[in-house]
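**Student:** Have a peek at my_file-v4.tsv (TSV, C-alpha atoms).
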chain	number	residue	atom	x	y	z
A	1	MET	CA	-27.70	-36.15	54.86
A	2	HIS	CA	-24.09	-37.28	54.64
A	3	VAL	CA	-23.80	-40.43	56.75
A	4	PRO	CA	-20.54	-40.55	58.75
A	5	ASP	CA	-18.51	-43.62	59.58
A	6	GLY	CA	-19.91	-45.65	62.46
A	7	PHE	CA	-23.65	-45.10	61.95
A	8	ILE	CA	-24.10	-48.28	59.86
A	9	ASN	CA	-22.37	-51.57	60.67
A	10	ALA	CA	-19.79	-53.21	58.42
A	11	PRO	CA	-21.98	-55.89	56.74
A	12	VAL	CA	-24.63	-53.38	55.61
A	13	SER	CA	-21.95	-50.88	54.60
A	14	VAL	CA	-20.29	-53.53	52.43
A	15	ALA	CA	-23.63	-54.54	50.92
A	16	THR	CA	-24.56	-50.95	50.06
A	17	GLY	CA	-21.06	-50.49	48.67
A	18	ALA	CA	-21.74	-53.37	46.29
A	19	VAL	CA	-25.11	-51.90	45.34
A	20	ALA	CA	-23.49	-48.52	44.73
A	21	ALA	CA	-20.71	-50.05	42.62
A	22	ALA	CA	-23.23	-51.95	40.49
A	23	ALA	CA	-25.38	-48.85	40.03
A	24	VAL	CA	-22.37	-46.77	39.01
A	25	ALA	CA	-21.34	-49.45	36.51
A	26	VAL	CA	-24.81	-49.46	34.97
A	27	SER	CA	-24.84	-45.66	34.97
A	28	LEU	CA	-21.53	-45.54	33.13
A	29	ARG	CA	-23.11	-47.44	30.26
A	30	GLY	CA	-26.33	-45.46	30.33
A	31	ALA	CA	-24.53	-42.13	30.54
A	32	ARG	CA	-22.78	-42.81	27.22
A	33	ARG	CA	-26.14	-42.92	25.50
A	34	GLU	CA	-27.42	-39.87	27.33
A	35	LEU	CA	-24.36	-37.81	26.47
A	36	ALA	CA	-24.59	-38.85	22.82
A	37	GLY	CA	-28.30	-37.99	22.78
A	38	ALA	CA	-27.61	-34.62	24.40
A	39	ALA	CA	-25.12	-33.73	21.68
A	40	GLN	CA	-27.54	-34.73	18.94
A	41	GLY	CA	-30.63	-33.16	20.48
A	42	SER	CA	-29.07	-29.81	21.35
A	43	GLY	CA	-27.17	-29.30	18.11
A	44	THR	CA	-23.90	-29.00	20.00
A	45	GLY	CA	-20.77	-30.97	19.36
A	46	ALA	CA	-20.43	-34.28	21.17
A	47	GLU	CA	-17.22	-33.03	22.73
A	48	ARG	CA	-19.15	-30.24	24.47
A	49	THR	CA	-21.67	-32.38	26.32
A	50	ALA	CA	-19.09	-33.73	28.79
A	51	PRO	CA	-18.15	-30.28	30.16
A	52	LEU	CA	-21.86	-29.52	30.62
A	53	ALA	CA	-22.35	-32.69	32.66
A	54	GLY	CA	-19.22	-31.88	34.66
A	55	LEU	CA	-20.64	-28.41	35.30
A	56	VAL	CA	-23.82	-29.92	36.74
A	57	ALA	CA	-21.70	-31.87	39.25
A	58	ALA	CA	-19.74	-28.74	40.19
A	59	PHE	CA	-22.96	-26.72	40.58
A	60	ILE	CA	-24.48	-29.35	42.87
A	61	PHE	CA	-21.31	-29.34	44.98
A	62	ALA	CA	-21.51	-25.55	45.30
A	63	VAL	CA	-25.20	-25.38	46.18
A	64	GLN	CA	-24.81	-28.15	48.76
A	65	MET	CA	-22.64	-25.72	50.71
A	66	LEU	CA	-25.65	-23.43	51.16
A	67	ASN	CA	-27.40	-24.84	54.21
A	68	PHE	CA	-30.76	-23.15	54.73
A	69	PRO	CA	-32.78	-23.10	57.98
A	70	VAL	CA	-35.87	-25.30	57.99
A	71	ALA	CA	-36.86	-25.44	61.66
A	72	ALA	CA	-35.61	-24.35	65.06
A	73	GLY	CA	-32.01	-25.49	65.28
A	74	THR	CA	-32.10	-27.50	62.03
A	75	SER	CA	-30.91	-26.77	58.51
A	76	GLY	CA	-31.00	-28.51	55.16
A	77	HIS	CA	-29.12	-28.48	51.90
A	78	LEU	CA	-29.63	-29.60	48.33
A	79	LEU	CA	-29.19	-33.31	47.63
A	80	GLY	CA	-29.15	-32.76	43.89
A	81	GLY	CA	-30.41	-36.07	42.52
A	82	ALA	CA	-33.57	-34.60	41.02
A	83	LEU	CA	-31.75	-31.61	39.56
A	84	ALA	CA	-29.06	-33.74	37.92
A	85	ALA	CA	-31.51	-36.30	36.53
A	86	ILE	CA	-33.73	-33.68	34.93
A	87	LEU	CA	-30.88	-31.64	33.48
A	88	VAL	CA	-28.59	-34.37	32.15
A	89	GLY	CA	-30.50	-37.66	32.53
A	90	PRO	CA	-30.86	-40.25	35.31
A	91	TYR	CA	-27.74	-42.28	34.50
A	92	THR	CA	-25.55	-39.22	34.14
A	93	GLY	CA	-27.26	-37.78	37.21
A	94	VAL	CA	-26.23	-40.74	39.37
A	95	LEU	CA	-22.64	-40.22	38.25
A	96	CYS	CA	-22.78	-36.47	38.91
A	97	VAL	CA	-23.95	-36.88	42.51
A	98	SER	CA	-21.51	-39.78	43.06
A	99	VAL	CA	-18.61	-37.59	41.95
A	100	VAL	CA	-19.76	-34.88	44.36
A	101	LEU	CA	-19.96	-37.34	47.25
A	102	LEU	CA	-16.53	-38.73	46.45
A	103	MET	CA	-14.96	-35.25	46.39
A	104	GLN	CA	-16.68	-34.31	49.64
A	105	GLY	CA	-15.55	-37.46	51.41
A	106	VAL	CA	-11.95	-37.44	50.22
A	107	LEU	CA	-11.16	-33.72	50.28
A	108	PHE	CA	-13.51	-32.24	52.88
A	109	ALA	CA	-14.09	-35.10	55.35
A	110	ASP	CA	-17.83	-34.81	54.76
A	111	GLY	CA	-19.50	-38.22	54.76
A	112	GLY	CA	-17.61	-41.29	55.92
A	113	LEU	CA	-15.31	-43.17	53.59
A	114	THR	CA	-16.56	-46.55	54.80
A	115	ALA	CA	-20.06	-45.11	54.44
A	116	LEU	CA	-19.49	-43.96	50.85
A	117	GLY	CA	-21.61	-46.80	49.53
A	118	VAL	CA	-24.40	-45.83	51.93
A	119	ASN	CA	-24.25	-42.22	50.83
A	120	ILE	CA	-24.18	-43.02	47.10
A	121	THR	CA	-27.08	-45.44	47.50
A	122	ASP	CA	-29.11	-42.97	49.51
A	123	MET	CA	-28.24	-39.59	48.02
A	124	ALA	CA	-27.36	-40.48	44.43
A	125	ILE	CA	-29.36	-43.58	43.50
A	126	VAL	CA	-32.57	-43.26	45.53
A	127	THR	CA	-33.07	-39.55	44.90
A	128	THR	CA	-32.34	-39.83	41.19
A	129	VAL	CA	-34.51	-42.88	40.55
A	130	VAL	CA	-37.47	-41.61	42.59
A	131	ALA	CA	-37.28	-38.08	41.22
A	132	TYR	CA	-36.91	-39.01	37.58
A	133	ALA	CA	-39.63	-41.68	37.68
A	134	LEU	CA	-42.06	-39.21	39.23
A	135	PHE	CA	-40.95	-36.44	36.87
A	136	ARG	CA	-41.56	-38.57	33.77
A	137	GLY	CA	-44.95	-39.62	35.09
A	138	LEU	CA	-46.00	-36.02	35.68
A	139	VAL	CA	-44.90	-34.67	32.31
A	140	LYS	CA	-47.01	-37.33	30.60
A	141	VAL	CA	-50.20	-36.04	32.19
A	142	LEU	CA	-49.43	-32.31	32.38
A	143	PRO	CA	-49.95	-29.96	29.42
A	144	ARG	CA	-47.05	-29.88	26.97
A	145	ARG	CA	-45.69	-26.55	28.14
A	146	ARG	CA	-42.45	-25.24	29.55
A	147	ARG	CA	-44.02	-24.44	32.87
A	148	SER	CA	-45.11	-28.07	33.16
A	149	ILE	CA	-41.44	-29.08	33.21
A	150	THR	CA	-40.84	-26.65	36.05
A	151	VAL	CA	-43.86	-27.87	38.01
A	152	ALA	CA	-42.87	-31.50	37.53
A	153	SER	CA	-39.33	-30.65	38.64
A	154	PHE	CA	-40.65	-29.06	41.83
A	155	VAL	CA	-42.81	-32.04	42.78
A	156	ALA	CA	-40.15	-34.63	41.88
A	157	ALA	CA	-37.48	-32.88	43.93
A	158	LEU	CA	-39.85	-32.42	46.87
A	159	VAL	CA	-40.66	-36.14	47.04
A	160	SER	CA	-37.07	-37.31	46.46
A	161	VAL	CA	-35.78	-35.92	49.78
A	162	PRO	CA	-38.16	-37.72	52.19
A	163	ALA	CA	-37.68	-40.79	49.95
A	164	ALA	CA	-33.98	-40.63	50.78
A	165	ALA	CA	-34.88	-40.27	54.46
A	166	VAL	CA	-37.01	-43.42	54.23
A	167	ALA	CA	-34.12	-45.23	52.54
A	168	PHE	CA	-31.73	-44.22	55.32
A	169	THR	CA	-34.21	-45.41	57.92
A	170	ALA	CA	-34.44	-48.78	56.17
A	171	LEU	CA	-30.65	-49.09	56.09
A	172	TYR	CA	-30.49	-48.11	59.74
A	173	ALA	CA	-33.09	-50.74	60.59
A	174	LEU	CA	-30.82	-53.32	58.94
A	175	GLY	CA	-27.47	-52.17	60.28
A	176	GLY	CA	-27.82	-49.35	62.76
A	177	THR	CA	-25.17	-49.37	65.47
A	178	ALA	CA	-27.21	-47.64	68.17
A	179	ASP	CA	-30.11	-49.20	70.05
A	180	VAL	CA	-32.78	-46.70	69.02
A	181	PRO	CA	-36.45	-47.44	68.29
A	182	ILE	CA	-36.70	-47.44	64.51
A	183	GLY	CA	-40.13	-45.82	64.67
A	184	LYS	CA	-38.63	-42.73	66.28
A	185	VAL	CA	-35.88	-42.58	63.67
A	186	PHE	CA	-38.43	-42.89	60.87
A	187	ALA	CA	-40.74	-40.19	62.21
A	188	ALA	CA	-37.91	-37.75	62.92
A	189	MET	CA	-36.10	-38.33	59.60
A	190	VAL	CA	-39.16	-38.09	57.39
A	191	GLY	CA	-40.63	-35.15	59.30
A	192	VAL	CA	-37.59	-32.91	59.01
A	193	HIS	CA	-36.76	-33.98	55.46
A	194	VAL	CA	-40.21	-33.09	54.18
A	195	LEU	CA	-39.33	-29.53	55.18
A	196	ILE	CA	-35.90	-29.82	53.59
A	197	GLY	CA	-37.61	-31.15	50.47
A	198	ILE	CA	-39.41	-27.84	50.04
A	199	GLY	CA	-36.07	-26.06	49.79
A	200	GLU	CA	-34.76	-28.75	47.43
A	201	ALA	CA	-37.85	-28.34	45.26
A	202	ALA	CA	-37.51	-24.56	45.08
A	203	ILE	CA	-33.82	-24.72	44.11
A	204	THR	CA	-34.45	-27.44	41.53
A	205	ALA	CA	-37.44	-25.72	39.92
A	206	LEU	CA	-35.69	-22.35	39.76
A	207	THR	CA	-32.57	-23.85	38.19
A	208	VAL	CA	-34.44	-25.98	35.66
A	209	GLY	CA	-36.71	-23.05	34.81
A	210	ALA	CA	-33.74	-20.77	34.27
A	211	VAL	CA	-32.06	-23.20	31.88
A	212	ILE	CA	-35.29	-23.85	29.98
A	213	ALA	CA	-35.81	-20.11	29.54
A	214	VAL	CA	-32.41	-19.80	27.84
A	215	ARG	CA	-31.65	-23.17	26.25
A	216	PRO	CA	-34.52	-25.69	26.55
A	217	ASP	CA	-32.63	-28.01	24.21
A	218	LEU	CA	-30.04	-28.58	26.96
A	219	VAL	CA	-32.60	-29.97	29.45
A	220	HIS	CA	-32.73	-33.76	29.20
A	221	GLY	CA	-36.15	-33.94	30.80
A	222	ALA	CA	-37.66	-31.60	28.21
A	223	ARG	CA	-36.82	-33.75	25.20
A	224	GLY	CA	-39.76	-35.12	23.27
A	225	LEU	CA	-42.16	-32.73	24.96
A	226	THR	CA	-41.96	-29.91	22.46
A	227	ALA	CA	-44.46	-29.14	19.73
A	228	PRO	CA	-43.22	-29.75	16.18
A	229	LEU	CA	-43.29	-27.00	13.62
A	230	GLU	CA	-45.98	-27.22	10.96
A	231	LEU	CA	-45.84	-26.10	7.35
A	232	ARG	CA	-48.80	-24.28	5.85
A	233	THR	CA	-49.41	-22.43	2.63
A	234	SER	CA	-48.81	-18.73	2.75
A	235	PRO	CA	-51.96	-16.58	2.40
A	236	LEU	CA	-50.07	-14.76	-0.39
A	237	ALA	CA	-49.80	-17.96	-2.46
A	238	VAL	CA	-49.85	-17.32	-6.22
A	239	PRO	CA	-52.23	-19.05	-8.66
A	240	ASP	CA	-51.57	-22.39	-10.30
A	241	GLY	CA	-48.95	-22.37	-13.01
A	242	VAL	CA	-46.79	-19.92	-11.10
A	243	PRO	CA	-43.83	-21.20	-9.05
A	244	ALA	CA	-44.93	-22.87	-5.84
A	245	ALA	CA	-45.88	-20.74	-2.89
A	246	VAL	CA	-43.35	-20.12	-0.17
A	247	PRO	CA	-44.31	-22.20	2.87
A	248	ALA	CA	-44.84	-20.34	6.10
A	249	VAL	CA	-43.79	-21.80	9.41
A	250	ALA	CA	-46.43	-22.11	12.09
A	251	THR	CA	-44.64	-21.37	15.30
A	252	ALA	CA	-45.32	-23.24	18.50
A	253	PRO	CA	-47.08	-21.47	21.36
A	254	ALA	CA	-44.93	-18.97	23.20
A	255	ASP	CA	-44.94	-21.15	26.26
A	256	GLU	CA	-43.55	-24.14	24.35
A	257	PRO	CA	-40.07	-24.58	22.89
A	258	ALA	CA	-40.35	-25.42	19.23
A	259	THR	CA	-38.79	-28.52	17.73
A	260	VAL	CA	-37.00	-28.06	14.41
A	261	PRO	CA	-37.80	-30.74	11.81
A	262	ALA	CA	-35.04	-33.25	11.21
A	263	ALA	CA	-34.36	-32.02	7.67
A	264	VAL	CA	-33.91	-28.48	8.91
A	265	SER	CA	-32.02	-29.28	12.10
A	266	ALA	CA	-29.54	-31.42	10.22
A	267	ALA	CA	-28.42	-28.39	8.25
A	268	ALA	CA	-28.63	-25.95	11.14
A	269	PRO	CA	-25.36	-24.69	12.59
A	270	ARG	CA	-24.32	-25.92	16.00
A	271	ARG	CA	-25.36	-23.70	18.85
A	272	SER	CA	-22.66	-22.62	21.25
A	273	VAL	CA	-23.00	-23.60	24.89
A	274	ARG	CA	-20.17	-21.36	26.04
A	275	ARG	CA	-22.43	-18.70	27.56
A	276	VAL	CA	-24.48	-21.27	29.44
A	277	TRP	CA	-21.32	-22.98	30.69
A	278	LEU	CA	-19.74	-19.70	31.82
A	279	ALA	CA	-22.95	-18.57	33.53
A	280	GLY	CA	-23.25	-21.89	35.36
A	281	LEU	CA	-19.63	-21.82	36.44
A	282	ALA	CA	-19.96	-18.24	37.66
A	283	ALA	CA	-23.06	-19.18	39.68
A	284	ALA	CA	-21.24	-22.14	41.24
A	285	LEU	CA	-18.24	-20.01	42.19
A	286	VAL	CA	-20.44	-17.30	43.70
A	287	CYS	CA	-22.37	-19.88	45.75
A	288	ALA	CA	-19.30	-21.77	46.99
A	289	GLY	CA	-16.88	-18.87	47.25
A	290	GLY	CA	-19.15	-16.16	48.61
A	291	LEU	CA	-22.68	-17.11	49.63
A	292	SER	CA	-21.53	-20.18	51.55
A	293	TYR	CA	-20.21	-17.88	54.28
A	294	TYR	CA	-23.80	-16.92	55.08
A	295	ALA	CA	-25.12	-20.50	55.14
A	296	SER	CA	-26.89	-21.72	58.27
A	297	ALA	CA	-24.54	-23.10	60.91
A	298	SER	CA	-27.28	-25.31	62.38
A	299	PRO	CA	-26.90	-29.09	62.00
A	300	ASP	CA	-28.60	-30.58	58.98
A	301	GLY	CA	-31.54	-32.98	59.20
A	302	LEU	CA	-29.56	-36.16	59.76
A	303	GLU	CA	-27.16	-34.53	62.21
A	304	LYS	CA	-30.07	-33.15	64.24
A	305	VAL	CA	-31.92	-36.46	64.33
A	306	ALA	CA	-28.72	-38.33	65.19
A	307	HIS	CA	-28.05	-35.97	68.09
A	308	ASP	CA	-31.61	-36.08	69.42
A	309	GLN	CA	-31.80	-39.89	69.21
A	310	GLY	CA	-28.29	-40.57	70.50
A	311	ILE	CA	-27.10	-42.06	67.22
A	312	ASP	CA	-24.18	-39.65	66.93
A	313	ALA	CA	-22.46	-41.34	69.87
A	314	GLN	CA	-21.52	-44.11	67.44
A	315	ALA	CA	-19.85	-41.80	64.92
A	316	LYS	CA	-16.17	-42.44	64.25
A	317	ASP	CA	-13.47	-39.96	63.34
A	318	HIS	CA	-13.14	-39.40	59.63
A	319	ALA	CA	-10.01	-40.80	58.01
A	320	ALA	CA	-9.49	-37.43	56.29
A	321	LYS	CA	-10.16	-35.29	59.36
A	322	ASP	CA	-6.70	-33.73	59.06
A	323	SER	CA	-7.16	-32.86	55.40
A	324	PRO	CA	-6.10	-29.29	54.50
A	325	LEU	CA	-9.72	-28.72	53.39
A	326	ALA	CA	-11.53	-30.54	56.20
A	327	ASP	CA	-14.87	-29.00	57.19
A	328	TYR	CA	-14.82	-26.80	54.06
A	329	SER	CA	-12.11	-24.51	55.38
A	330	VAL	CA	-8.54	-24.10	54.20
A	331	LYS	CA	-6.17	-25.03	57.00
A	332	ASP	CA	-3.88	-22.31	58.45
A	333	ILE	CA	-5.99	-19.43	57.07
A	334	THR	CA	-7.34	-17.55	60.07
A	335	ASP	CA	-9.97	-15.45	58.28
A	336	PRO	CA	-13.06	-17.71	58.22
A	337	ARG	CA	-14.59	-15.92	55.23
A	338	LEU	CA	-11.44	-16.35	53.16
A	339	ALA	CA	-10.78	-19.90	54.39
A	340	GLY	CA	-14.30	-21.08	53.60
A	341	GLY	CA	-14.57	-19.22	50.31
A	342	LEU	CA	-11.25	-20.52	49.05
A	343	ALA	CA	-12.17	-24.07	50.06
A	344	GLY	CA	-15.42	-23.72	48.16
A	345	VAL	CA	-13.68	-22.47	45.03
A	346	ILE	CA	-11.16	-25.33	45.23
A	347	GLY	CA	-14.03	-27.78	45.65
A	348	VAL	CA	-15.85	-26.44	42.61
A	349	GLY	CA	-12.68	-26.69	40.54
A	350	ALA	CA	-11.87	-30.21	41.73
A	351	THR	CA	-15.42	-31.46	41.16
A	352	LEU	CA	-15.59	-29.82	37.74
A	353	ALA	CA	-12.29	-31.40	36.72
A	354	ALA	CA	-13.20	-34.86	38.06
A	355	GLY	CA	-16.71	-34.83	36.62
A	356	THR	CA	-15.66	-33.52	33.23
A	357	GLY	CA	-12.84	-36.05	33.09
A	358	VAL	CA	-15.22	-38.95	33.71
A	359	PHE	CA	-17.70	-37.76	31.10
A	360	VAL	CA	-15.03	-36.98	28.50
A	361	VAL	CA	-13.76	-40.55	28.79
A	362	LEU	CA	-17.31	-41.86	28.42
A	363	ARG	CA	-17.94	-39.71	25.33
A	364	ARG	CA	-14.69	-40.83	23.71
A	365	ARG	CA	-15.43	-44.49	24.40
A	366	ARG	CA	-18.91	-44.06	22.96
A	367	SER	CA	-17.52	-42.35	19.85
A	368	ALA	CA	-14.82	-44.99	19.43
A	369	GLY	CA	-17.35	-47.80	19.78
A	370	ALA	CA	-19.65	-46.20	17.23
A	371	GLY	CA	-16.74	-45.79	14.81
A	372	GLU	CA	-15.70	-49.43	15.14
A	373	ALA	CA	-19.28	-50.57	14.58
A	374	ALA	CA	-19.63	-48.42	11.49
A	375	ALA	CA	-16.28	-49.42	9.95
A	376	PRO	CA	-17.19	-53.03	9.01
A	377	ALA	CA	-20.51	-51.86	7.58
A	378	ALA	CA	-18.71	-49.26	5.49
A	379	GLY	CA	-16.49	-51.93	3.97
A	380	ARG	CA	-19.30	-54.21	2.86
A	381	PRO	CA	-20.24	-54.08	-0.82
A	382	THR	CA	-23.69	-52.79	-1.63
A	383	PRO	CA	-26.14	-54.92	-3.64
A	384	GLU	CA	-25.50	-52.65	-6.63
A	385	GLN	CA	-21.75	-53.25	-6.37
A	386	VAL	CA	-22.26	-57.01	-6.27
Show me, as structure tokens, the structure contained in the file I just sent.
**Tutor:**
Amino acid sequence: MHVPDGFINAPVSVATGAVAAAAVAVSLRGARRELAGAAQGSGTGAERTAPLAGLVAAFIFAVQMLNFPVAAGTSGHLLGGALAAILVGPYTGVLCVSVVLLMQGVLFADGGLTALGVNITDMAIVTTVVAYALFRGLVKVLPRRRRSITVASFVAALVSVPAAAVAFTALYALGGTADVPIGKVFAAMVGVHVLIGIGEAAITALTVGAVIAVRPDLVHGARGLTAPLELRTSPLAVPDGVPAAVPAVATAPADEPATVPAAVSAAAPRRSVRRVWLAGLAAALVCAGGLSYYASASPDGLEKVAHDQGIDAQAKDHAAKDSPLADYSVKDITDPRLAGGLAGVIGVGATLAAGTGVFVVLRRRRSAGAGEAAAPAAGRPTPEQV
């Protein structure tokens, strides 16, 4: 659904650019809290949450290269807003997808540069907000189980894609450059993107389910939904006058991740995220460097609708059309498998580096701010000292 230059006129493009800039600014502040909460909730070091968020951006970039067929002559690909919001939080999710869109536009000539605000508004903001709002609503009414997180992820991702199609239609109604009946654009966009949403939902649910199965503490959307441990007296308790009985821990149901009490978790050692990070990176590299060669060559939903409705006649050449990585292929390499695979690997690396860099800076600023706030308090005399 990457909108190229020329589809939306200049005034609406500027307005959506302002909306996107404001949303990114708000997300930068919100992401600091989410990253700090992720470090505290997962028992990992704060310095390790930024690479995990960067990995989510790189994974979304990789999976977006896997266009899948949805109808005759039409394909679709992951948008990623729902997946990012559920894994790392809505604010961090907006930033993840925005980083992906920026890398795609600058390096691969995918999505217009003047339309970057349109694409961030549509693919990063709308999908994340709609998906996460629906996800949170569902988990409140569904049973408190792991599978409920997966089910809610599926539904949220499914709805987020046609929601983005509706948003594009609204933007096109305001600033479309082709004289096309808006009713036809709406029907075509929503119709094909409902089908694409099914693929988005499957990918999102499978990914979230896989992470929950290994490390549920790393899933932002699963926080606060776990059953606390309970203490009960052991059936082997000794009579009164003898040292107190050893408490036994009542485990949570097998389908629910258990929450460790604060007193216990505070003393628990930090859990390494290295295996999860390496597994995620390997999956991203396999998708972008290998499986992308077998992706559908059919136009995606927006491209198909634009062609059928005559909108594509207004498209302008991309400013980065001569980029060495344009169209996800390394220039001057004649083997298409090697050219595409290498471009995908470079894209994963660039997105991982850019995303991690952004989140590392946010974590450091959050830590520095917390330290400055704590320093004056530490210097104040206590009532006892006075």
**Student:** Could you list, as number ranges by chain, every residue within 12 Å of Gln104 (chain A), counting only C-alpha atoms and ignoring same-chain residues fewer than 2 positions away?
**Tutor:** A: 2-4, 57-58, 60-62, 64-65, 97-102, 106-113, 116, 119-120, 318, 320-321, 323, 325-328, 343-344, 346-348, 350-351
**Student:** Residues at most 9 Å from Val330 (chain A), counting all atoms listed in the file, excluding those fewer than 5 positions away in the same chain, as a list in words?
**Tutor:** Ser323, Pro324, Leu325, Pro336, Leu338, Ala339, Gly340, Gly341, Leu342 and Ala343 of chain A
**Student:** Keeping only C-alpha atoms, write the selected residues to a file as a PDB file, in the coordinates of the input.
**Tutor:**
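File selection_26.pdb, as written:
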ATOM      1  CA  SER A 323      -7.160 -32.860  55.400  1.00  0.00           C
ATOM      2  CA  PRO A 324      -6.100 -29.290  54.500  1.00  0.00           C
ATOM      3  CA  LEU A 325      -9.720 -28.720  53.390  1.00  0.00           C
ATOM      4  CA  PRO A 336     -13.060 -17.710  58.220  1.00  0.00           C
ATOM      5  CA  LEU A 338     -11.440 -16.350  53.160  1.00  0.00           C
ATOM      6  CA  ALA A 339     -10.780 -19.900  54.390  1.00  0.00           C
ATOM      7  CA  GLY A 340     -14.300 -21.080  53.600  1.00  0.00           C
ATOM      8  CA  GLY A 341     -14.570 -19.220  50.310  1.00  0.00           C
ATOM      9  CA  LEU A 342     -11.250 -20.520  49.050  1.00  0.00           C
ATOM     10  CA  ALA A 343     -12.170 -24.070  50.060  1.00  0.00           C
TER      11      ALA A 343
END
**Student:** Just the number, please: distance in Å from CA of Ala18 (chain A) to CA of Phe186 (chain A), one decimal.
**Tutor:** 24.5 Å
**Student:** Considering only C-alpha atoms, give me a table of residues in region 82-101 of chain A that are at most 10 Å from region 198-205 of chain A, with the closest atom pair and distance in Å for each, as a tab-separated table.
**Tutor:**
residue	atom	partner	partner_atom	distance
A:Ala82	CA	A:Thr204	CA	7.2
A:Leu83	CA	A:Thr204	CA	5.3
A:Ala84	CA	A:Thr204	CA	9.0
A:Ile86	CA	A:Thr204	CA	9.1
A:Leu87	CA	A:Thr204	CA	9.8
**Student:** Can you work out the spacing between CA of Asp217 (chain A) and CA of Val361 (chain A) in Å, to one decimal?
**Tutor:**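 According to the coordinates, CA of Asp217 (chain A) and CA of Val361 (chain A) are separated by 23.1 Å.
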**Student:** Rounded to one decimal, what separation in Å do you get between CA of Arg215 (chain A) and CA of Gly349 (chain A)?
**Tutor:** 24.0 Å
**Student:** Within 10 Å of (-26.0, -47.4, 38.5) (coordinates as in the file), grab all the protein and nucleic acid residues, counting all atoms listed in the file, and write them out as a list in words.
**Tutor:**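 With a cut-off of 10 Å, the residues come to Val19, Ala20, Ala21, Ala22, Ala23, Val24, Ala25, Val26, Ser27, Leu28, Arg29, Gly30, Ala31, Pro90, Tyr91, Thr92, Gly93, Val94, Leu95, Ser98, Ile120, Thr121, Ala124, Ile125 and Val129 of chain A.
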**Student:** Could you check which of A:Val161, A:Val192, A:Ala115, A:Ala222 is closest to Lys140 (chain A), using only C-alpha atoms?
**Tutor:** A:Ala222
**Student:** How close does region 126-193 of chain A get to region 291-309 of chain A? List, as a tab-separated table, each residue of region 126-193 of chain A within 12 Å, its nearest atom pair and the distance in Å to one decimal, counting only C-alpha atoms.
**Tutor:**
residue	atom	partner	partner_atom	distance
A:Val161	CA	A:Gly301	CA	10.7
A:Pro162	CA	A:Gly301	CA	10.7
A:Ala164	CA	A:Leu302	CA	11.0
A:Ala165	CA	A:Leu302	CA	8.6
A:Val166	CA	A:Leu302	CA	11.8
A:Phe168	CA	A:Leu302	CA	9.5
A:Thr169	CA	A:Leu302	CA	10.5
A:Tyr172	CA	A:Ala306	CA	11.3
A:Gly176	CA	A:Ala306	CA	11.3
A:Thr177	CA	A:Ala306	CA	11.6
A:Ala178	CA	A:Gln309	CA	9.1
A:Asp179	CA	A:Gln309	CA	9.5
A:Val180	CA	A:Gln309	CA	6.9
A:Pro181	CA	A:Gln309	CA	8.9
A:Ile182	CA	A:Gln309	CA	10.2
A:Gly183	CA	A:Gln309	CA	11.2
A:Lys184	CA	A:Gln309	CA	8.0
A:Val185	CA	A:Val305	CA	7.3
A:Phe186	CA	A:Val305	CA	9.8
A:Ala187	CA	A:Val305	CA	9.8
A:Ala188	CA	A:Val305	CA	6.3
A:Met189	CA	A:Val305	CA	6.6
A:Val190	CA	A:Gly301	CA	9.4
A:Gly191	CA	A:Gly301	CA	9.3
A:Val192	CA	A:Gly301	CA	6.1
A:His193	CA	A:Gly301	CA	6.5
**Student:** I'd like the neighbourhood of Val118 (chain A) as a VMD selection string, where a residue qualifies if any of its atoms comes within 7 Å (using all atoms listed in the file), though same-chain residues fewer than 5 positions away should be ignored.
**Tutor:** chain A and resid 13 16 to 17
**Student:** Please reconstruct the missing atoms of region 18-26 of chain A (target: N, CA and C atoms) and return them as a PDB file, in the frame of the given file.
**Tutor:**
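Written output follows (part-v1.pdb):
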ATOM      1  N   ALA A  18     -21.563 -52.547  47.484  1.00  0.00           N
ATOM      2  CA  ALA A  18     -21.740 -53.370  46.290  1.00  0.00           C
ATOM      3  C   ALA A  18     -22.887 -52.858  45.428  1.00  0.00           C
ATOM      4  N   VAL A  19     -23.966 -52.469  46.080  1.00  0.00           N
ATOM      5  CA  VAL A  19     -25.110 -51.900  45.340  1.00  0.00           C
ATOM      6  C   VAL A  19     -24.680 -50.620  44.613  1.00  0.00           C
ATOM      7  N   ALA A  20     -23.945 -49.772  45.328  1.00  0.00           N
ATOM      8  CA  ALA A  20     -23.490 -48.520  44.730  1.00  0.00           C
ATOM      9  C   ALA A  20     -22.561 -48.780  43.554  1.00  0.00           C
ATOM     10  N   ALA A  21     -21.641 -49.732  43.701  1.00  0.00           N
ATOM     11  CA  ALA A  21     -20.710 -50.050  42.620  1.00  0.00           C
ATOM     12  C   ALA A  21     -21.459 -50.567  41.392  1.00  0.00           C
ATOM     13  N   ALA A  22     -22.446 -51.426  41.613  1.00  0.00           N
ATOM     14  CA  ALA A  22     -23.230 -51.950  40.490  1.00  0.00           C
ATOM     15  C   ALA A  22     -24.014 -50.841  39.806  1.00  0.00           C
ATOM     16  N   ALA A  23     -24.608 -49.958  40.605  1.00  0.00           N
ATOM     17  CA  ALA A  23     -25.380 -48.850  40.030  1.00  0.00           C
ATOM     18  C   ALA A  23     -24.487 -47.905  39.237  1.00  0.00           C
ATOM     19  N   VAL A  24     -23.300 -47.640  39.743  1.00  0.00           N
ATOM     20  CA  VAL A  24     -22.370 -46.770  39.010  1.00  0.00           C
ATOM     21  C   VAL A  24     -21.947 -47.429  37.704  1.00  0.00           C
ATOM     22  N   ALA A  25     -21.714 -48.741  37.734  1.00  0.00           N
ATOM     23  CA  ALA A  25     -21.340 -49.450  36.510  1.00  0.00           C
ATOM     24  C   ALA A  25     -22.445 -49.373  35.458  1.00  0.00           C
ATOM     25  N   VAL A  26     -23.679 -49.583  35.896  1.00  0.00           N
ATOM     26  CA  VAL A  26     -24.810 -49.460  34.970  1.00  0.00           C
ATOM     27  C   VAL A  26     -24.938 -48.027  34.461  1.00  0.00           C
TER      28      VAL A  26
END
